[in-house]
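Next up, data-v3.cif (mmCIF, C-alpha atoms):
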data_my_file
loop_
_atom_site.label_atom_id
_atom_site.label_comp_id
_atom_site.auth_asym_id
_atom_site.auth_seq_id
_atom_site.Cartn_x
_atom_site.Cartn_y
_atom_site.Cartn_z
CA MET A 1 -30.81 158.04 34.10
CA ARG A 2 -31.98 154.52 33.20
CA LEU A 3 -29.02 154.11 30.86
CA ARG A 4 -26.44 154.68 33.61
CA PRO A 5 -26.78 151.24 35.29
CA ARG A 6 -26.57 149.57 31.89
CA LEU A 7 -23.51 151.64 30.95
CA ARG A 8 -21.82 150.78 34.26
CA ARG A 9 -22.69 147.11 33.76
CA VAL A 10 -21.31 147.09 30.19
CA SER A 11 -18.19 148.95 31.30
CA SER A 12 -17.52 146.50 34.16
CA LEU A 13 -18.08 143.49 31.90
CA ARG A 14 -15.79 144.99 29.28
CA SER A 15 -13.11 145.44 31.90
CA LEU A 16 -13.65 141.82 32.97
CA ARG A 17 -13.33 140.65 29.39
CA ALA A 18 -10.24 142.81 28.94
CA THR A 19 -8.75 141.29 32.10
CA PHE A 20 -9.43 137.77 30.80
CA THR A 21 -7.96 138.65 27.40
CA VAL A 22 -4.84 140.34 28.74
CA SER A 23 -4.24 137.60 31.30
CA PHE A 24 -4.59 134.82 28.71
CA ALA A 25 -2.36 136.68 26.25
CA ALA A 26 0.21 137.42 28.97
CA VAL A 27 0.40 133.76 30.03
CA ALA A 28 0.67 132.64 26.42
CA ALA A 29 3.33 135.28 25.73
CA ALA A 30 5.36 134.27 28.77
CA VAL A 31 5.21 130.58 27.86
CA THR A 32 5.98 131.29 24.20
CA VAL A 33 8.91 133.56 25.02
CA VAL A 34 10.39 131.06 27.47
CA VAL A 35 9.99 128.17 25.04
CA GLY A 36 11.31 130.25 22.14
CA VAL A 37 14.35 131.50 24.04
CA LEU A 38 15.18 128.04 25.35
CA SER A 39 14.70 126.45 21.92
CA TYR A 40 16.79 129.06 20.14
CA SER A 41 19.53 128.91 22.77
CA ALA A 42 19.66 125.12 22.56
CA ALA A 43 19.73 125.13 18.74
CA ALA A 44 22.37 127.87 18.58
CA ARG A 45 24.52 126.10 21.15
CA LEU A 46 24.29 122.80 19.28
CA VAL A 47 25.20 124.43 15.95
CA ARG A 48 28.14 126.35 17.40
CA VAL A 49 29.42 123.37 19.34
CA ASP A 50 29.13 121.24 16.20
CA GLN A 51 31.11 123.78 14.17
CA GLN A 52 33.79 124.03 16.84
CA THR A 53 33.95 120.24 17.02
CA VAL A 54 34.45 119.98 13.23
CA PHE A 55 37.17 122.65 13.24
CA ALA A 56 38.94 121.02 16.19
CA ALA A 57 38.87 117.71 14.31
CA VAL A 58 40.47 119.36 11.25
CA VAL A 59 43.21 120.88 13.43
CA ARG A 60 43.86 117.47 15.05
CA ASP A 61 44.07 115.81 11.65
CA LEU A 62 46.57 118.42 10.49
CA GLN A 63 48.63 118.00 13.66
CA GLY A 64 48.63 114.23 13.12
CA GLN A 65 49.81 114.62 9.53
CA VAL A 66 52.78 116.88 10.32
CA ARG A 67 53.82 114.77 13.30
CA GLU A 68 53.64 111.42 11.50
CA ARG A 69 55.31 112.55 8.27
CA GLU A 70 57.98 115.07 7.41
CA LEU A 71 56.03 117.37 5.14
CA SER A 72 57.03 120.56 3.36
CA PRO A 73 55.00 123.60 2.29
CA GLY A 74 54.97 122.23 -1.24
CA ASP A 75 53.07 119.13 -0.13
CA TYR A 76 50.17 121.33 0.96
CA ALA A 77 50.49 123.74 -1.94
CA SER A 78 49.94 120.84 -4.33
CA SER A 79 46.40 119.68 -5.01
CA ASP A 80 47.35 116.14 -5.99
CA GLN A 81 44.66 113.51 -5.59
CA GLY A 82 45.21 111.70 -2.30
CA GLY A 83 47.77 114.21 -1.01
CA PRO A 84 47.76 115.65 2.52
CA ARG A 85 45.94 118.77 1.33
CA ASP A 86 43.22 116.66 -0.27
CA GLU A 87 42.92 114.55 2.90
CA LEU A 88 42.57 117.69 4.98
CA MET A 89 40.04 119.32 2.66
CA GLY A 90 37.94 116.17 2.70
CA SER A 91 37.59 116.16 6.49
CA GLY A 92 35.56 119.34 6.66
CA ARG A 93 34.63 122.66 5.01
CA THR A 94 37.88 124.55 5.56
CA ASP A 95 40.17 126.97 3.73
CA ILE A 96 43.93 126.33 3.64
CA GLN A 97 46.84 128.75 3.35
CA VAL A 98 50.50 127.67 3.31
CA LEU A 99 53.38 129.66 4.83
CA GLY A 100 57.08 129.33 4.09
CA PRO A 101 59.89 129.11 6.68
CA GLY A 102 59.92 132.88 7.21
CA GLY A 103 56.17 133.22 7.27
CA GLU A 104 55.94 134.27 3.61
CA LEU A 105 52.95 133.15 1.59
CA VAL A 106 53.59 130.03 -0.46
CA ASP A 107 49.99 129.30 -1.36
CA LYS A 108 47.42 132.02 -0.71
CA GLY A 109 44.12 130.92 0.71
CA SER A 110 40.73 131.86 -0.66
CA PRO A 111 40.22 134.32 0.81
CA ALA A 112 43.75 135.33 1.84
CA LEU A 113 44.21 134.93 5.59
CA PRO A 114 46.09 137.52 7.64
CA VAL A 115 49.59 136.46 8.77
CA ARG A 116 50.49 137.82 12.19
CA ALA A 117 53.74 137.78 14.11
CA ARG A 118 52.72 134.70 16.08
CA ASP A 119 51.93 132.90 12.82
CA ARG A 120 55.38 133.76 11.42
CA GLY A 121 56.97 132.51 14.61
CA THR A 122 55.03 129.26 14.31
CA ALA A 123 56.26 128.86 10.71
CA GLY A 124 59.88 128.87 11.96
CA ASP A 125 59.13 126.56 14.91
CA ALA A 126 61.25 123.40 15.12
CA VAL A 127 58.51 121.33 16.81
CA ALA A 128 56.00 119.81 14.42
CA GLY A 129 52.35 120.30 15.39
CA ARG A 130 52.87 123.48 17.45
CA THR A 131 49.57 125.41 17.02
CA VAL A 132 48.40 129.00 17.32
CA GLU A 133 44.63 129.64 17.19
CA HIS A 134 42.63 132.82 16.49
CA ASP A 135 38.97 132.59 17.47
CA ALA A 136 37.52 135.47 15.41
CA VAL A 137 39.31 136.92 12.39
CA ALA A 138 37.36 139.47 10.34
CA LEU A 139 37.74 139.38 6.59
CA GLY A 140 35.38 141.93 5.12
CA ASP A 141 31.88 141.06 6.26
CA ASP A 142 32.83 137.48 7.13
CA ARG A 143 34.37 136.09 10.28
CA TYR A 144 36.66 133.05 10.53
CA ARG A 145 38.32 130.73 13.00
CA VAL A 146 41.98 130.39 12.13
CA ALA A 147 44.62 127.91 13.35
CA THR A 148 48.30 127.93 12.32
CA VAL A 149 50.09 124.56 12.67
CA ALA A 150 53.90 124.32 12.42
CA LEU A 151 55.38 121.78 9.98
CA GLY A 152 58.43 121.43 12.25
CA GLY A 153 62.13 121.90 11.60
CA GLY A 154 61.53 125.53 10.59
CA ARG A 155 60.06 124.41 7.26
CA GLY A 156 56.94 126.54 7.46
CA ALA A 157 53.33 126.24 8.62
CA VAL A 158 49.82 125.52 7.41
CA GLN A 159 46.88 127.76 8.23
CA VAL A 160 43.37 126.36 8.26
CA ALA A 161 40.27 128.56 8.53
CA GLN A 162 36.59 127.94 9.08
CA GLU A 163 33.95 130.56 8.27
CA PHE A 164 31.27 130.91 10.94
CA SER A 165 29.66 134.22 9.95
CA ASP A 166 27.27 132.42 7.60
CA THR A 167 26.21 130.22 10.50
CA GLU A 168 25.65 133.33 12.64
CA ASP A 169 23.59 134.81 9.81
CA LEU A 170 21.53 131.63 9.76
CA LEU A 171 21.06 131.79 13.53
CA ARG A 172 20.12 135.46 13.26
CA GLU A 173 17.47 134.61 10.69
CA LEU A 174 16.26 131.81 12.95
CA GLN A 175 16.06 134.30 15.80
CA GLN A 176 13.99 136.72 13.70
CA ARG A 177 11.63 133.96 12.65
CA THR A 178 11.31 132.87 16.26
CA VAL A 179 10.38 136.42 17.28
CA LEU A 180 7.80 136.62 14.47
CA LEU A 181 6.38 133.26 15.50
CA GLU A 182 6.16 134.40 19.12
CA ALA A 183 4.39 137.59 18.05
CA ALA A 184 1.92 135.55 15.99
CA VAL A 185 1.30 133.21 18.91
CA VAL A 186 0.74 136.15 21.28
CA VAL A 187 -1.74 137.80 18.88
CA SER A 188 -3.54 134.48 18.35
CA ALA A 189 -3.62 133.91 22.11
CA GLY A 190 -5.07 137.40 22.61
CA LEU A 191 -7.82 136.77 20.05
CA PHE A 192 -8.57 133.36 21.52
CA GLY A 193 -8.56 134.85 25.02
CA TRP A 194 -11.01 137.54 23.90
CA TRP A 195 -13.29 134.88 22.37
CA LEU A 196 -13.00 132.71 25.47
CA ALA A 197 -13.63 135.67 27.80
CA ARG A 198 -16.70 136.64 25.78
CA ARG A 199 -17.97 133.07 25.95
CA ILE A 200 -17.34 132.87 29.70
CA THR A 201 -18.88 136.26 30.51
CA ARG A 202 -21.94 135.73 28.30
CA ARG A 203 -23.88 134.10 31.14
CA LEU A 204 -22.52 136.69 33.56
CA VAL A 205 -23.95 139.39 31.29
CA ARG A 206 -27.41 137.79 31.47
CA LEU A 207 -27.10 137.30 35.22
CA ALA A 208 -25.98 140.91 35.72
CA GLY A 209 -28.92 142.04 33.55
CA ALA A 210 -31.33 140.14 35.77
CA ALA A 211 -29.79 141.68 38.90
CA GLU A 212 -30.03 145.17 37.37
CA ASP A 213 -33.68 144.59 36.47
CA VAL A 214 -34.46 143.49 40.03
CA ALA A 215 -32.69 146.55 41.46
CA ARG A 216 -34.43 148.88 39.00
CA THR A 217 -37.98 147.53 39.15
CA GLY A 218 -38.04 145.94 42.61
CA ARG A 219 -39.83 142.90 41.16
CA LEU A 220 -38.58 139.62 42.58
CA SER A 221 -40.34 137.45 40.01
CA ILE A 222 -37.87 138.23 37.20
CA PRO A 223 -36.61 134.96 35.65
CA VAL A 224 -32.94 134.27 36.31
CA PRO A 225 -30.95 132.47 33.56
CA VAL A 226 -29.52 129.31 35.11
CA THR A 227 -27.38 127.14 32.83
CA GLY A 228 -24.33 124.98 33.34
CA ARG A 229 -22.88 123.26 36.36
CA ASP A 230 -19.79 125.39 36.81
CA GLU A 231 -19.27 128.34 39.15
CA VAL A 232 -21.37 130.67 36.97
CA GLY A 233 -24.24 128.17 36.98
CA ARG A 234 -23.96 127.79 40.74
CA LEU A 235 -24.02 131.58 41.08
CA GLY A 236 -27.18 131.75 38.95
CA ARG A 237 -28.93 129.07 40.99
CA SER A 238 -27.90 130.74 44.25
CA PHE A 239 -29.19 134.08 42.98
CA ASP A 240 -32.46 132.45 41.93
CA ARG A 241 -32.89 130.82 45.35
CA MET A 242 -32.12 134.15 47.00
CA LEU A 243 -34.87 135.85 44.98
CA VAL A 244 -37.29 133.07 45.96
CA ARG A 245 -36.41 133.56 49.62
CA LEU A 246 -36.79 137.33 49.30
CA ALA A 247 -40.16 136.92 47.61
CA GLN A 248 -41.25 134.54 50.38
CA SER A 249 -40.04 136.99 53.01
CA GLU A 250 -41.91 139.81 51.31
CA GLU A 251 -45.07 137.68 51.23
CA ASP A 252 -44.63 136.81 54.92
CA GLN A 253 -44.30 140.48 55.79
CA ARG A 254 -47.40 141.36 53.82
CA ARG A 255 -49.36 138.54 55.51
CA LEU A 256 -47.99 139.63 58.89
CA VAL A 257 -49.26 143.16 58.33
CA GLN A 258 -52.68 141.85 57.29
CA ASP A 259 -52.86 139.50 60.27
CA ALA A 260 -51.69 142.23 62.61
CA GLY A 261 -54.39 144.59 61.35
CA HIS A 262 -57.01 141.89 61.79
CA GLU A 263 -55.85 140.82 65.25
CA LEU A 264 -55.49 144.37 66.55
CA ARG A 265 -58.89 145.44 65.28
CA THR A 266 -60.83 143.21 67.72
CA PRO A 267 -59.22 144.27 71.02
CA LEU A 268 -59.14 147.90 69.94
CA THR A 269 -62.87 147.78 69.13
CA SER A 270 -63.58 146.20 72.51
CA LEU A 271 -61.46 148.81 74.26
CA ARG A 272 -63.23 151.66 72.48
CA THR A 273 -66.59 150.18 73.45
CA ASN A 274 -65.63 149.77 77.08
CA ILE A 275 -64.06 153.22 77.22
CA SER A 276 -67.28 154.74 75.86
CA LEU A 277 -69.15 152.97 78.67
CA LEU A 278 -66.84 154.51 81.27
CA ARG A 279 -68.65 157.83 80.85
CA ARG A 280 -71.79 156.22 82.25
CA ILE A 281 -70.08 154.00 84.79
CA ASP A 282 -71.94 155.72 87.67
CA GLU A 283 -75.24 154.58 86.21
CA PHE A 284 -74.29 150.90 86.35
CA PRO A 285 -74.59 148.65 89.34
CA ALA A 286 -71.45 147.64 91.22
CA SER A 287 -71.29 144.18 89.63
CA VAL A 288 -71.43 145.64 86.13
CA ARG A 289 -68.76 148.21 86.99
CA GLU A 290 -66.43 145.50 88.29
CA GLU A 291 -67.03 143.38 85.18
CA LEU A 292 -66.34 146.41 82.95
CA VAL A 293 -63.07 147.24 84.73
CA ALA A 294 -61.99 143.58 84.65
CA ASP A 295 -62.78 143.39 80.96
CA LEU A 296 -60.74 146.55 80.29
CA ALA A 297 -57.79 145.08 82.19
CA GLN A 298 -58.09 141.77 80.32
CA GLU A 299 -58.28 143.49 76.92
CA ALA A 300 -55.27 145.65 77.80
CA ARG A 301 -53.27 142.56 78.76
CA GLU A 302 -54.29 140.75 75.59
CA LEU A 303 -53.41 143.80 73.51
CA THR A 304 -50.02 143.98 75.21
CA ASP A 305 -49.40 140.28 74.59
CA LEU A 306 -50.50 140.63 70.98
CA VAL A 307 -48.19 143.59 70.38
CA ASN A 308 -45.28 141.69 71.93
CA GLU A 309 -46.00 138.67 69.73
CA LEU A 310 -46.19 140.88 66.63
CA VAL A 311 -42.88 142.49 67.53
CA ASP A 312 -41.30 139.02 67.91
CA LEU A 313 -42.74 137.92 64.58
CA ALA A 314 -41.52 141.06 62.84
CA ALA A 315 -38.03 140.55 64.33
CA GLY A 316 -37.98 136.92 63.17
CA GLN A 317 -37.52 135.56 66.66
CA SER A 318 -40.28 132.99 66.23
CA SER A 319 -38.07 130.93 63.90
CA THR A 320 -35.57 130.40 66.73
CA GLU A 321 -38.24 128.95 69.00
CA PRO A 322 -38.06 125.12 69.15
CA VAL A 323 -40.96 123.10 67.72
CA GLN A 324 -42.85 121.20 70.42
CA ARG A 325 -46.07 119.26 70.93
CA VAL A 326 -48.95 121.56 71.94
CA ALA A 327 -52.25 120.35 73.42
CA LEU A 328 -54.90 121.47 70.96
CA ALA A 329 -57.65 121.47 73.64
CA ASP A 330 -55.79 124.11 75.68
CA VAL A 331 -55.50 126.42 72.68
CA VAL A 332 -59.16 126.02 71.75
CA GLU A 333 -60.25 126.64 75.36
CA ASP A 334 -58.26 129.90 75.46
CA VAL A 335 -59.98 131.03 72.26
CA ALA A 336 -63.38 130.06 73.67
CA VAL A 337 -62.78 132.08 76.84
CA VAL A 338 -62.03 135.20 74.77
CA ALA A 339 -65.09 134.61 72.56
CA ARG A 340 -67.40 134.20 75.63
CA ARG A 341 -66.14 137.40 77.18
CA ARG A 342 -66.35 139.50 74.00
CA THR A 343 -69.69 138.18 72.69
CA GLY A 344 -71.49 137.20 75.83
CA ARG A 345 -72.49 133.93 74.21
CA GLU A 346 -72.14 130.44 75.53
CA VAL A 347 -69.30 128.55 73.83
CA VAL A 348 -68.95 124.85 74.59
CA VAL A 349 -65.70 122.95 73.90
CA ARG A 350 -65.84 119.19 73.67
CA VAL A 351 -62.55 117.24 73.68
CA HIS A 352 -62.21 113.66 72.49
CA GLY A 353 -58.88 112.15 73.41
CA ASP A 354 -55.55 113.85 73.93
CA THR A 355 -55.04 115.69 70.61
CA THR A 356 -51.70 117.47 70.14
CA VAL A 357 -50.13 119.37 67.27
CA ALA A 358 -46.54 120.36 66.45
CA GLY A 359 -45.95 124.07 66.70
CA ARG A 360 -44.18 126.97 68.30
#

Mind converting the file's structure to structure tokens?
Amino acid sequence: MRLRPRLRRVSSLRSLRATFTVSFAAVAAAVTVVVGVLSYSAAARLVRVDQQTVFAAVVRDLQGQVRERELSPGDYASSDQGGPRDELMGSGRTDIQVLGPGGELVDKGSPALPVRARDRGTAGDAVAGRTVEHDAVALGDDRYRVATVALGGGRGAVQVAQEFSDTEDLLRELQQRTVLLEAAVVVSAGLFGWWLARRITRRLVRLAGAAEDVARTGRLSIPVPVTGRDEVGRLGRSFDRMLVRLAQSEEDQRRLVQDAGHELRTPLTSLRTNISLLRRIDEFPASVREELVADLAQEARELTDLVNELVDLAAGQSSTEPVQRVALADVVEDVAVVARRRTGREVVVRVHGDTTVAGR
């Protein structure tokens, strides 16, 4: 039975640590995923745009060559140093294939590019620089961008191709590495979150242990661990002050019970004495009987007042009463009157000056 509170406390703290860990890992995962996706998207877009820009520049260079000079398929089939083919090959990483007037292959590319009906029509076009583009041409496992540019006058056409499947493979590998990096960051964030949650909840564990000990034993003098100036430290100090106030309240209640027993004992004893005398009241003279009845009435009133005051004290209503200056001589005279009546002795009160005290 004693283990149940500890098990509940450990279970709740474990759930708190798990909440801290999962929350920290979730935030880190969200940030990492967003940053990774944005970074990969930006890098992939830059690489693809750069490739497209290079290919477009090659196509423009080829269009400029065929428009400025009257070139034949043989000029591009030749690999002479400084020729148009060499100029074109030097402007970027491209493959070239040359078509004759009817679209037949004059110089096969490496690899050989497919020749479609639109390409054959471009080869017989009379306007130099007329272009047909194909965005994605599959050659085995590779993919190419292909553009067919007419030489003009029906002399043929030149096809240029740019492979982009290797770039996509590179981007795919980058994507996989980004995912692995994100997974590593999430795992690291989870471990760090668990360590941080354990460090944060360590003081809460001690504070919860103190609270469980107070609830189990009822002792208010158990030391409360108070460290730090953060919220946990403030909670510990507040809990410690609460225990001090509870201990003070418990002491006040115990003192109230003791005082009540002491204060009630005197009027009850006087009442019992007077009540015992009532059985012989006929034996006493009239003056004694009147004094006895008056004393009974006075003791009953004082007992009633005392009970009312004890009830007010027990209810805590005395703390709401404002503090005021009380004449000490009046209080002492009231006490002397009670002492004279109960003891039958002469009590003299001498007052020097106007002495007052602060009280309720």

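The residue that comes closest to A:Asp107, out of A:Ala77, A:Ala157, A:Met89, A:Val58 and on the basis of only C-alpha atoms, is A:Ala77.
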
Given the PyMOL selection byres ((chain A and resi 277) around 12), the residues it picks as a PDB file with C-alpha atoms, in the coordinates of the input:
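Final output, saved to result_23.pdb:
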ATOM      1  CA  SER A 270     -63.580 146.200  72.510  1.00  0.00           C
ATOM      2  CA  LEU A 271     -61.460 148.810  74.260  1.00  0.00           C
ATOM      3  CA  ARG A 272     -63.230 151.660  72.480  1.00  0.00           C
ATOM      4  CA  THR A 273     -66.590 150.180  73.450  1.00  0.00           C
ATOM      5  CA  ASN A 274     -65.630 149.770  77.080  1.00  0.00           C
ATOM      6  CA  ILE A 275     -64.060 153.220  77.220  1.00  0.00           C
ATOM      7  CA  SER A 276     -67.280 154.740  75.860  1.00  0.00           C
ATOM      8  CA  LEU A 278     -66.840 154.510  81.270  1.00  0.00           C
ATOM      9  CA  ARG A 279     -68.650 157.830  80.850  1.00  0.00           C
ATOM     10  CA  ARG A 280     -71.790 156.220  82.250  1.00  0.00           C
ATOM     11  CA  ILE A 281     -70.080 154.000  84.790  1.00  0.00           C
ATOM     12  CA  ASP A 282     -71.940 155.720  87.670  1.00  0.00           C
ATOM     13  CA  GLU A 283     -75.240 154.580  86.210  1.00  0.00           C
ATOM     14  CA  PHE A 284     -74.290 150.900  86.350  1.00  0.00           C
ATOM     15  CA  VAL A 288     -71.430 145.640  86.130  1.00  0.00           C
ATOM     16  CA  ARG A 289     -68.760 148.210  86.990  1.00  0.00           C
ATOM     17  CA  GLU A 291     -67.030 143.380  85.180  1.00  0.00           C
ATOM     18  CA  LEU A 292     -66.340 146.410  82.950  1.00  0.00           C
ATOM     19  CA  VAL A 293     -63.070 147.240  84.730  1.00  0.00           C
ATOM     20  CA  ASP A 295     -62.780 143.390  80.960  1.00  0.00           C
ATOM     21  CA  LEU A 296     -60.740 146.550  80.290  1.00  0.00           C
TER      22      LEU A 296
END

Determine the residue membership of the PyMOL selection byres ((chain A and resi 207) around 12) for the file above and supply it as a PyMOL selection string.
-> chain A and resi 9+13+201-206+208-214+222-227+232-240

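Interatomic distance, atom CA of A:Val127 against atom CA of A:Gln162: 24.2 Å.
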
Extract, using all atoms listed in the file, all DNA, RNA and protein residues at most 10 Å from A:Gly129, discarding same-chain residues fewer than 4 positions from it, and format them as a list in words.
->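 In the requested format, the answer is Val59, Arg60, Leu62, Gln63, Gly64, Gln65, Val66, Arg67, Glu68, Thr122, Asp125, Thr148, Val149, Ala150, Leu151, Gly152, Ala157 and Val158 of chain A.
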
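Residues captured in this structure file are Gly218, Arg219, Leu220, Ser221, Arg241, Met242, Leu243, Val244, Arg245, Leu246, Ala247, Gln258, Asp259, Ala260, Gly261, His262, Glu263, Leu264, Glu309, Leu310, Val311, Asp312, Leu313, Ala314, Ala315 and Gly316 of chain A, according to the PyMOL selection byres ((chain A and resi 248-257) around 12).
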
Distance in Å - atom CA of A:Leu99 versus atom CA of A:Asp119 |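 Here the two named atoms are 8.7 Å from each other.
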
Which residues, written as a PyMOL selection string, have at least one atom at most 12 Å from A:Val337, with only C-alpha atoms counted and residues fewer than 5 positions away on the same chain left out?
-> chain A and resi 298+330-332+342-349

Shortest interatomic distance to A:Ala197 - which of A:Thr19, A:Thr53, A:Thr269, A:Thr304, counting all atoms listed in the file | A:Thr19
